[in-house]
Amino acid sequence: MIRKLFSGKTPVRGRVVRNAALVAVAWASLLASQAPLGPSPARALASAGAAVEVETKDVLVFRNGNTLEGKILSETATQVTFRGTSHGISFEATYELADILTIQRDVEAEGSGTPERGEVRRPSPTETASRDRRVSGEGGPVVYHAPLRGVFSRDIALQSMERLVRDAAKHAPDYLIFTLENDWNASMAGRLAEEELLEVDLGPQYDNLFLVERMAPLLTELMDTEWERRPKVIFFVRRAMGGAAFLPFLGESIYFHPEARMGGIGYLDWFEMGGDSMVDEKQISLRMGHAEGLAIKAGYDPRIMRAMMVAGYALSYSYEDGRVVLKDGTSGQVQLTRAIAKGERQDTVDDFIRGTSRDILTLNAEIAKVLGISKGTVTDLDGLLFELGIHRNHTLIDGDGDRILDRWSRSVREAERNYVRLARDLNEVRVEGATRRERNRGRGQQIRILESMRSILMQYDGALPWWRLPGGSSIEAINARIQEIRFQMQTDQ
Amino acid sequence: MNLFRDSWARLLVLCAVVLVSLASAGAFAADRIHLADGRVLEGEVLRELDGHIWFRHNVGGIHVESIFAPQDYTRVERETVEERPVERARPSREAAPEQRRVSGAPRAAVISLGDGQNDMVGLYITASSIRDIVPLLREEEVDIVVFRINSGGGLLLEIRRLTDFIHEQLKPEFRVVSWVESAISAAAMTSHVIEEIYFMPQGNYGAATGWYGRGQAVSGRGLSEVLYMMEQISEKGGYPIQIMRSMQIDEPLSVSFDDRGEAVWRQDESGDHVVNPRGRILTLNALDAERFGFSRGTASNLEQLAQAMGLQEVEWVGEQVRGVPYPVSRAEAAMRSFRDRTARSEVRLAGLANQYGQALNAAQGAGDRQARARMVGIARRALRELTQAVGDSTGHMLFTLNQPTEEDYREWIRQQEEFLRDLMR
């Protein structure tokens with residue numbers, strides 16, 4: 001017995017504005033038309049090149065969730081005329097008050113004001129929710145952008161992914177873009193010795209596959225049934241190393257940053273349980289089956305996944321009739337990986353850190369493009385939007401994802417602190433006293449603390465590994481401890 | 001709707017049991033319901049709806065009818081289907097008018113076997129849990145049962161029960177289909193009895209090597225028995241025995257296609273395509289499964305599945321439920337409810353086993369007879385509750401008490417009772 005440890009056409013709703021002279025007018029009119037859900041603004045005026053200087057600013061929060069920042073020029077009982085800046089171009093427009101949820105007046109302006117066109121705003125956690133949300137563009141396809149950063153499985157966790165996707169669903173985007181840049185480096189492990197580093201960073205990465213499988217329905221099947229229409233899910237990879245390397249396979253397409261790396265999994269075939277080799281083979285086989293399934297579902301050759309995971313597998317490719325043809329072994333013109341025997345690692349730590357390993361496949365932008373994993377290499381979100389053909393004509397919803405991820409990460413850290421504090425408090429509870437009642441009071445306190453610890457572990461399942469926490473205990477161990485204390489309460493005389 | 005049903009049924013349970021004084025005495029079928037509080041009631045299951053059970057039983061010589069919500073019971077034991085009168089086996093369809101056939105299209109229900117988390121064969125996937133949903137499948141006039149499998153495996157012991165039930169009870173009545181998200185080990189061995197297997201694109205199937213302890217492979221007579229069992233199951237499912245063998249042990253596997261395009265499997269590497277090289281254990285992915293004719297197709301959703309199954313028309317039975325990518329029939333709801341209950345009882349059993357162990361230790365260390373008697377009393381109560389809660393679940397026997405077979409479990413109970421008696425001598 002085993003137990004797991006466990007497309008189509010791009011929707012274009014607006015017109016593409018090519019003539020620079022028309023840009024300003026279009027920005028203003030389309031921006032206005034996309035902001036409220038109701039009728040278009042009564043009037044839209046453009047004054048290209050006239051910068052808006054704002055010491056303080058007014059913020060319009062529309063009922064559809066969009067916000068605009070600038071200055072209110074005039075108001076009537078039913079309308080408000082507003083001057084703002086979008087992507088460096090100022091505009092004037094009149095909006096129906098019925099479409100506006102709230103008006104924030106004379107909000108102190110910060111920094112350089114509104115972002116430049118195409119700028120991806122990365123708000124600080126202290127900014128307000130309304131200012132976190134940024135709507136840019138001119139009413140073309142809706143693009144929801146969310147960053148995925150931090151430690152995979154802790155910050156980029158099932159729970160945070162679920163929150164991001166649920167938030168995105170509210171905007172019914174045409175594109176859901178994740179910029180993936182997970183923390184993955186030597187200092188994370190906090191060790192210096194080579195072997196220790198490799199053991200920690202390489203050993204268990206493949207089992208994060210199962211976490212990615214748990215995330216998969218959010219971006220695949222459930223979109224078919226729970227979303228009004230399925231968006232294109234795109235991963236923009238800046239760094240997808242270790243377990244995070246499985247994540248982009250959930251997307252419809254992948255784009256790479258020029259310096260991106262995706263991989264660092266490896267050495268699945270070195271798996272050992274300490275028993276019979278056939279049982280090890282079983283464990284390797286089932287994991288490979290799961291991993292290959294991810295690649296197949298995403299439309300890629302499963303051999304690429306095998307090369308990323310198995311050190312004993314060599315993969316190469318040749319160009320045949322202008323096409324890249326993968327070859328098992330080393331018969332191809334270009335060697336991707338070499339097959340190495342168990343325990344005979346040839347890659348150096350330097351290879352490992354730089355992503356130039358040949359024991360296992362780590363994809364860089366060039367290789368990923370050649371193999372068809374990456375659809376293109378872009379330096380930023382603007383470049384990606386350009387590649388998608390929606391650079392001049394899109395509505396970008398950005399910032400909410402940042403806030404959601406920040407909040408989740410803070411809550412995980414807070415939960416971690418709380419857990420450690422509770423573990424410490426538990427040790428300080430004294431079960432003493434002359435009477436059974438006095439002693440049971442202490443025991444009752446112990447049980448309450450243990451229940452709080454258990455509740456934290458359940459809430460942060462997968463994101464908060466108890467074995468890494470000082471004083472950490474598994475849920476099972478906590479249950480047993482509670483039982484033990486209850487028994488003591490029962491039998492104390 | 002479901003909320004209403006839940007509240008209503010719970011209210012009925014909370015208020016009282018309904019007296020059925022006019023019911024004839026002694027006419028009960030021999031059904032047993034295991035309640036969450038450890039009690040086991042004998043009587044007759046009158047009706048089931050969304051996991052709620054209308055149960056007639058005897059209290060102090062008076063027939064009463066109680067309604068139990070899913071959280072109120074852990075398990076239901078029934079007479080076998082053959083022993084029931086036909087009217088009982090196929091409950092009146094008037095009871096569920098909303099589920100009646102509205103078109104001539106075949107009606108299909110997706111039944112999940114495992115959800116990737118609660119997925120252990122023998123614990124969360126059992127013959128009895130499938131047997132329990134059959135009446136609901138009938139009520140819902142289901143023609144096609146699609147088992148959506150997502151399991152990492154489980155108990156060897158349950159495989160025979162599952163495959164026998166599917167082969168002997170389900171197949172004659174329904175078109176049974178396996179739709180594989182992940183079928184590893186015991187899950188693959190179970191699915192192997194089903195002729196129609198479809199993969200999801202991410203699907204995987206195999207890695208059926210039996211093991212125990214810290215990675216010791218099943219060997220000797222035990223292995224021979226499992227190999228033989230899987231030969232029989234392969235035959236029932238219509239698969240060449242070589243395929244499963246390569247999933248179980250170190251046997252190479254290759255395939256060639258004859259002039260008629262039919263696959264010829266070999267237990268060596270001499271075929272045109274090496275499916276599994278020597279020294280490896282086979283797990284098939286969706287591409288290879290379809291390419292080599294093991295699966296009948298690959299489908300990522302119900303529309304594709306229906307197409308792969310050759311269905312011009314199909315009515316998928318059930319309602320859309322948030323978080324579930326297919327309609328949830330009442331039978332599927334019952335299956336999900338079963339898994340939830342089992343997960344809860346796992347926690348409870350672990351607590352009881354813990355309590356029993358502590359009481360036993362305390363009894364052994366007790367200085368005087370009176371203190372020992374008190375601890376033995378606590379241990380006896382814990383043991384009694386434990387055995388009631390375990391019932392005949394082999395999964396619980398193994399995972400809670402580390403007893404691999406029912407015989408081992410019975411022997412363990414006997415030893416414990418004897419030990420407790422000795423403590424009091």
# chains A, B, ... in the order shown; residues from 1 in each chain; ligands from 1
$ interface_residues --of "chain A" --to "chain B" --cutoff "6 Å" --atoms "only C-alpha atoms" --output "JSON, numbers by chain"
{"A": [1, 2, 3, 221, 222, 225, 273, 275, 276, 279, 281, 282, 285, 286, 289, 293, 294, 297]}
$ write_last_selection --atoms "N, CA, C and O atoms" --output "tab-separated table (two decimals), in the first residue's frame"
chain	number	residue	atom	x	y	z
A	1	MET	N	0.85	-1.19	0.00
A	1	MET	CA	0.00	0.00	0.00
A	1	MET	C	0.88	1.23	0.00
A	1	MET	O	2.00	1.20	0.46
A	2	ILE	N	0.38	2.28	-0.56
A	2	ILE	CA	1.18	3.49	-0.52
A	2	ILE	C	0.31	4.64	-0.05
A	2	ILE	O	-0.89	4.61	-0.14
A	3	ARG	N	0.94	5.64	0.41
A	3	ARG	CA	0.20	6.84	0.75
A	3	ARG	C	0.99	8.02	0.26
A	3	ARG	O	2.16	8.13	0.55
A	221	GLU	N	-9.95	22.77	-14.37
A	221	GLU	CA	-11.32	22.28	-14.40
A	221	GLU	C	-12.35	23.24	-13.82
A	221	GLU	O	-13.43	23.43	-14.37
A	222	LEU	N	-12.01	23.84	-12.66
A	222	LEU	CA	-13.00	24.68	-12.01
A	222	LEU	C	-13.27	25.96	-12.79
A	222	LEU	O	-14.33	26.56	-12.66
A	225	THR	N	-16.21	25.35	-15.06
A	225	THR	CA	-17.54	25.24	-14.46
A	225	THR	C	-17.92	26.45	-13.63
A	225	THR	O	-19.09	26.72	-13.45
A	273	MET	N	13.95	4.35	0.03
A	273	MET	CA	13.18	4.20	1.27
A	273	MET	C	13.95	3.40	2.31
A	273	MET	O	13.53	3.31	3.46
A	275	GLY	N	14.46	0.13	1.90
A	275	GLY	CA	14.04	-1.28	1.81
A	275	GLY	C	14.47	-1.89	0.49
A	275	GLY	O	15.61	-1.73	0.07
A	276	ASP	N	13.53	-2.56	-0.17
A	276	ASP	CA	13.83	-3.21	-1.45
A	276	ASP	C	13.83	-2.21	-2.60
A	276	ASP	O	13.02	-1.28	-2.63
A	279	VAL	N	10.56	-1.45	-4.48
A	279	VAL	CA	9.64	-0.51	-3.82
A	279	VAL	C	10.08	0.92	-4.11
A	279	VAL	O	9.24	1.81	-4.34
A	281	GLU	N	11.58	1.73	-6.84
A	281	GLU	CA	11.18	1.91	-8.24
A	281	GLU	C	9.70	2.26	-8.35
A	281	GLU	O	9.29	3.06	-9.19
A	282	LYS	N	8.92	1.63	-7.52
A	282	LYS	CA	7.48	1.93	-7.51
A	282	LYS	C	7.27	3.41	-7.18
A	282	LYS	O	6.51	4.11	-7.85
A	285	SER	N	8.37	5.53	-10.01
A	285	SER	CA	7.46	5.38	-11.14
A	285	SER	C	6.18	6.19	-10.95
A	285	SER	O	5.72	6.89	-11.86
A	286	LEU	N	5.61	6.12	-9.78
A	286	LEU	CA	4.34	6.83	-9.57
A	286	LEU	C	4.54	8.34	-9.61
A	286	LEU	O	3.71	9.08	-10.15
A	289	GLY	N	4.95	9.32	-13.11
A	289	GLY	CA	3.63	9.29	-13.76
A	289	GLY	C	2.86	10.57	-13.50
A	289	GLY	O	2.25	11.14	-14.41
A	293	GLY	N	2.22	13.52	-16.33
A	293	GLY	CA	0.83	13.94	-16.54
A	293	GLY	C	0.70	15.45	-16.58
A	293	GLY	O	-0.07	15.99	-17.40
A	294	LEU	N	1.42	16.14	-15.72
A	294	LEU	CA	1.39	17.61	-15.72
A	294	LEU	C	1.86	18.15	-17.08
A	294	LEU	O	1.25	19.07	-17.64
A	297	LYS	N	-0.69	17.28	-19.89
A	297	LYS	CA	-1.89	18.12	-19.81
A	297	LYS	C	-1.60	19.51	-20.37
A	297	LYS	O	-2.46	20.14	-20.99
$ atom_distance --atom1 "atom CA of A:Glu438" --atom2 "atom CA of A:Tyr419"
26.0 Å
$ residues_around --residues "stretch 179-185 of chain A" --least-positions-apart "3" --cutoff "9 Å" --atoms "only C-alpha atoms" --output "count of residues only"
28
$ atom_distance --atom1 "atom CA of A:Asp328" --atom2 "atom CA of A:Leu315"
5.0 Å
$ select_by_dssp --residues "stretch 174-282 of chain A" --states "helix (DSSP H, G or I)" --output "ChimeraX atom specification"
/A:186-189,194-202,205-219,221-226,242-250,268-270,277-282
$ atom_distance --atom1 "atom CA of B:Asn150" --atom2 "atom CA of B:Ser329"
18.0 Å
$ select_by_dssp --residues "stretch 160-310 of chain A" --states "strand (DSSP E)" --output "ChimeraX atom specification"
/A:175-182,232-241,253-263
$ residues_around --residues "B:Val146" --least-positions-apart "5" --cutoff "10 Å" --atoms "only C-alpha atoms" --output "number ranges by chain"
B: 108-113, 174-180, 196-198, 305
$ write_last_selection --atoms "C-alpha atoms" --output "compact mmCIF listing (two decimals), in the first residue's frame"
# COMPACT_ATOMS: atom_id res chain seq x y z
CA ALA B 108 -24.66 8.99 -16.43
CA ALA B 109 -23.34 9.75 -12.97
CA VAL B 110 -19.79 10.56 -12.00
CA ILE B 111 -18.79 8.78 -8.83
CA SER B 112 -15.49 9.83 -7.33
CA LEU B 113 -13.26 7.18 -5.91
CA PHE B 174 -24.78 -0.47 -15.36
CA ARG B 175 -22.29 0.48 -18.02
CA VAL B 176 -19.25 0.94 -15.82
CA VAL B 177 -16.47 3.25 -16.88
CA SER B 178 -13.21 4.21 -15.27
CA TRP B 179 -12.00 7.80 -15.78
CA VAL B 180 -8.51 8.03 -14.45
CA GLU B 196 -13.63 0.77 -20.38
CA ILE B 197 -10.81 2.91 -19.11
CA TYR B 198 -10.36 6.55 -20.15
CA LEU B 305 -15.49 11.93 -22.16
